[in-house]
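Each remark here refers to the structure printed beneath this line.
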Amino acid sequence: MMMRTRQTPVMARVEIGASLVEIMVSLAIAMFLLLGLAAVFGNSTRTSADLNRSLQQIENGRFATQALTDDIALAGFYDRLPTMLAAPTTLPDPCETSNMTNLRAATAFPVQGYNAPATSPLSCIPAANHVANTDILVIRRADTNTTASGSLTATDVYLQTNADPSNSANPIIALGSAGNFTLRNKDGTTVAPIRKYHVHIYFISPCSIPNGGGTTCTGSSDDNGSPIPTLKRLERRGGASDPVMTVVSLVEGIENLQIDYGIDTDNNGVPDGNYLTTAATVSDWANVVAMRINVLARNLESTNGYTDAKTYDMGVGGNSTPGGSYKRHVYNSVIRLVNPESRKEL
């Protein structure tokens with residue numbers, strides 16, 4: 001009898017998981033995908049940052065242009081004054097703060113400019129606070145709001161005028177005491193309007209916030225180590241016995257300011273010929289009836305890998321090629337000086 005041997009069935013062997021080669025290929029693919037995503041994210045971040053810098057530069061440039069335009073348009077606003085005072089033979093000192101006679105005489109020049117001086121010609125603008133070869137502009141005008149005689153501030157300067165061309169006291173420039181303002185309206189009894197008197201001096205400063213505080217730029221340490229050129233303005237402030245021209249920072253990133261003047265010498269209210277970078281004579285400053293401002297604004301931060309090779313048209317004064325790694329744009333505006341112009345047409 002034959003014996004049968006029982007055979008045990010053989011089970012198939014199943015491999016579970018991935019091989020080393022498959023893992024390496026997967027890692028390589030994932031690495032390429034991550035690198036691609038990182039590049040996309042980096043480019044997106046840089047583009048967004050550059051766009052934000054450009055938008056801020058546009059906003060700053062437009063704001064600076066509008067601020068200058070608004071103030072220039074009011075130059076020579078002396079309320080009811082029918083005729084201007086005779087122009088002095090020498091230019092007045094824009095930094096004057098306390099001599100009312102000098103301030104009154106200066107009203108003959110609603111605007112006064114300094115064409116691209118290499119250093120500041122004014123005592124109230126230290127050389128360290130002025131960017132060389134940029135213009136300085138002086139605006140003189142009254143406030144658009146009247147001040148009641150009982151609400152005058154003793155330390156402020158005010159202007160009072162009426163429509164009487166025969167009154168030698170017209171206009172009155174004086175400190176804020178009601179007794180100083182004697183002009184009356186046509187009825188002979190009502191006090192003529194009194195308005196605060198403004199002298200604004202615009203200039204380009206090499207920094208926004210000086211290192212260590214104060215108002216005078218110190219150098220490369222200003223603005224946390226990255227000085228930002230800034231449009232600034234001087235205004236008269238302080239007490240009656242110690243008034244000062246106070247610096248007000250207006251717009252950061254304004255790198256250059258050049259102004260062209262339209263001058264009317266035949267009293268028809270229209271500029272004669274081409275615009276000029278400065279008045280030919282002292283008396284011609286009283287004949288400015290139009291202005292063209294050229295404002296060069298730059299980004300507050302530099303752009304990596306960018307070189308500015310552009311040439312910027314800054315008006316009659318010529319072109320500017322600042323270079324460097326900042327992106328820039330020029331803003332222009334032409335403004336009529338309605339107040340001096342209208343008095344010439346009377």
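Scheme for the structure tokens: letters A, B, ... for chains in order shown; per-chain residue numbers from 1; ligand numbers from 1 in order shown.
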message: If we count only C-alpha atoms and set the cut-off at 10 Å, which residues sit around range 109-120 of chain A, ignoring sequence neighbours fewer than 6 positions away in its own chain? Please answer as a VMD selection string.
response: chain A and resid 72 74 to 78 84 to 88 91 to 94 126 to 141 199 to 203 256 to 261 276 to 279 282 to 289 291 317 337 339 to 340
Which residues of range 8-106 of chain A sit at most 8 Å from range 230-251 of chain A, using only C-alpha atoms? Give each one's shortest atom pair and distance in Å (one decimal place), in chain and ascending residue order, as a Markdown table.
| residue | atom | partner | partner_atom | distance |
| --- | --- | --- | --- | --- |
| A:Asn60 | CA | A:Val251 | CA | 6.2 |
| A:Phe63 | CA | A:Val251 | CA | 7.5 |
| A:Ala64 | CA | A:Val251 | CA | 6.1 |
| A:Cys95 | CA | A:Met245 | CA | 6.8 |
| A:Thr97 | CA | A:Pro243 | CA | 6.1 |
| A:Ser98 | CA | A:Pro243 | CA | 6.9 |
Residues of the last selection are to be written out with C-alpha atoms, as an mmCIF file, in the first residue's frame.
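File written: selection_15.cif
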data_model
loop_
_atom_site.group_PDB
_atom_site.id
_atom_site.type_symbol
_atom_site.label_atom_id
_atom_site.label_comp_id
_atom_site.auth_asym_id
_atom_site.auth_seq_id
_atom_site.Cartn_x
_atom_site.Cartn_y
_atom_site.Cartn_z
ATOM 1 C CA ASN A 60 3.278 111.738 -2.177
ATOM 2 C CA PHE A 63 -0.058 115.588 -2.564
ATOM 3 C CA ALA A 64 3.060 117.757 -2.759
ATOM 4 C CA CYS A 95 12.656 135.286 7.551
ATOM 5 C CA THR A 97 9.045 137.801 12.004
ATOM 6 C CA SER A 98 8.671 140.907 14.166
#
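CA of Leu296 in chain A sits 29.7 Å away from CA of Tyr197 in chain A.
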message: For a quick check of understanding, using only C-alpha atoms, which of A:Ile194, A:Arg184, A:Tyr312, A:Ala108 has the smallest distance to Thr147 in chain A?
response: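 Ranked by minimum distance to Thr147 in chain A, first place goes to A:Ile194.
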- request: Please report, as a list in words, each residue of range 110-289 of chain A to which DSSP assigns helix (DSSP H, G or I) when run on this structure's backbone.
  value: Ala127, Ala128, Asn129, Ser149, Gly150, Ser151, Ala178, Gly179, Asn180, Asp222, Asp223, Asn224, Gly225, Ser283, Asp284, Trp285, Ala286 and Asn287 of chain A
Selection above as a file: N, CA, C and O atoms, as a compact mmCIF listing (two decimals), in the first residue's frame:
# COMPACT_ATOMS: atom_id res chain seq x y z
N ALA A 127 22.15 125.69 6.12
CA ALA A 127 22.68 125.02 4.92
C ALA A 127 22.43 123.53 4.96
O ALA A 127 22.14 122.90 3.93
N ALA A 128 22.50 122.93 6.15
CA ALA A 128 22.30 121.48 6.28
C ALA A 128 20.86 121.06 6.03
O ALA A 128 20.58 119.88 5.84
N ASN A 129 19.94 122.03 6.02
CA ASN A 129 18.52 121.72 5.82
C ASN A 129 18.07 121.92 4.38
O ASN A 129 16.89 121.73 4.08
N SER A 149 -12.57 140.69 15.83
CA SER A 149 -11.62 141.54 16.55
C SER A 149 -11.49 141.14 18.02
O SER A 149 -10.45 141.36 18.64
N GLY A 150 -12.53 140.51 18.57
CA GLY A 150 -12.46 140.07 19.96
C GLY A 150 -11.81 138.72 20.14
O GLY A 150 -11.66 138.26 21.27
N SER A 151 -11.40 138.08 19.04
CA SER A 151 -10.81 136.74 19.12
C SER A 151 -9.37 136.71 18.63
O SER A 151 -8.84 135.64 18.32
N ALA A 178 -6.88 144.42 19.11
CA ALA A 178 -7.99 145.07 18.41
C ALA A 178 -7.70 146.54 18.13
O ALA A 178 -8.13 147.10 17.10
N GLY A 179 -6.95 147.20 19.02
CA GLY A 179 -6.66 148.61 18.84
C GLY A 179 -5.76 148.91 17.66
O GLY A 179 -5.64 150.06 17.23
N ASN A 180 -5.10 147.88 17.12
CA ASN A 180 -4.20 148.09 15.99
C ASN A 180 -4.92 148.20 14.66
O ASN A 180 -4.34 148.64 13.66
N ASP A 222 20.35 110.35 9.85
CA ASP A 222 18.96 110.82 9.90
C ASP A 222 18.01 109.76 9.37
O ASP A 222 18.40 108.88 8.58
N ASP A 223 16.74 109.83 9.81
CA ASP A 223 15.71 108.89 9.35
C ASP A 223 16.16 107.44 9.53
O ASP A 223 16.05 106.61 8.62
N ASN A 224 16.72 107.15 10.71
CA ASN A 224 17.17 105.79 11.05
C ASN A 224 18.20 105.24 10.08
O ASN A 224 18.22 104.05 9.75
N GLY A 225 19.07 106.11 9.60
CA GLY A 225 20.16 105.67 8.75
C GLY A 225 19.87 105.70 7.26
O GLY A 225 20.75 105.36 6.46
N SER A 283 11.85 144.44 -9.10
CA SER A 283 10.47 144.88 -9.30
C SER A 283 9.64 143.84 -10.07
O SER A 283 8.42 143.78 -9.92
N ASP A 284 10.31 143.01 -10.86
CA ASP A 284 9.56 142.00 -11.62
C ASP A 284 8.93 140.93 -10.74
O ASP A 284 7.99 140.25 -11.17
N TRP A 285 9.43 140.76 -9.52
CA TRP A 285 8.78 139.80 -8.62
C TRP A 285 7.35 140.23 -8.31
O TRP A 285 6.50 139.39 -8.03
N ALA A 286 7.07 141.52 -8.37
CA ALA A 286 5.71 142.00 -8.15
C ALA A 286 4.83 141.78 -9.38
O ALA A 286 3.61 141.96 -9.31
N ASN A 287 5.45 141.35 -10.50
CA ASN A 287 4.72 141.17 -11.76
C ASN A 287 4.50 139.71 -12.12
O ASN A 287 4.09 139.40 -13.24
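For the set A:Cys207, A:Thr146, A:Ala163, A:Gln57, the residue with the smallest atom-to-atom gap to Tyr326 in chain A is A:Gln57, counting only C-alpha atoms.
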query: Do you know which residues are at most 7 Å from Ile335 in chain A counting only C-alpha atoms, after dropping those on the same chain fewer than 5 positions away, and could you put them as a list of chain:residue names?
result: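 Neighbouring residues, sequence-local ones excluded: A:Thr69, A:Ala73, A:Ala290, A:Met291, A:Arg292.
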Can I get the selection written as a short mmCIF file (atom, residue, chain, number, x, y, z; two decimals), in the first residue's frame, with N, CA, C and O atoms?
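To be explicit, this is the file written out as result10.cif:
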data_model
loop_
_atom_site.label_atom_id
_atom_site.label_comp_id
_atom_site.auth_asym_id
_atom_site.auth_seq_id
_atom_site.Cartn_x
_atom_site.Cartn_y
_atom_site.Cartn_z
N THR A 69 0.21 123.91 -5.22
CA THR A 69 -0.75 124.56 -6.12
C THR A 69 -1.78 125.36 -5.34
O THR A 69 -2.09 126.52 -5.69
N ALA A 73 -2.01 129.45 -5.57
CA ALA A 73 -3.24 130.05 -6.11
C ALA A 73 -3.77 131.16 -5.21
O ALA A 73 -4.47 132.06 -5.67
N ALA A 290 1.83 134.03 -13.15
CA ALA A 290 1.63 132.59 -13.39
C ALA A 290 2.91 131.87 -13.00
O ALA A 290 4.01 132.43 -13.05
N MET A 291 2.74 130.61 -12.62
CA MET A 291 3.89 129.80 -12.23
C MET A 291 3.69 128.36 -12.71
O MET A 291 2.57 127.87 -12.79
N ARG A 292 4.81 127.73 -13.01
CA ARG A 292 4.79 126.30 -13.34
C ARG A 292 5.74 125.59 -12.39
O ARG A 292 6.91 125.91 -12.31
#
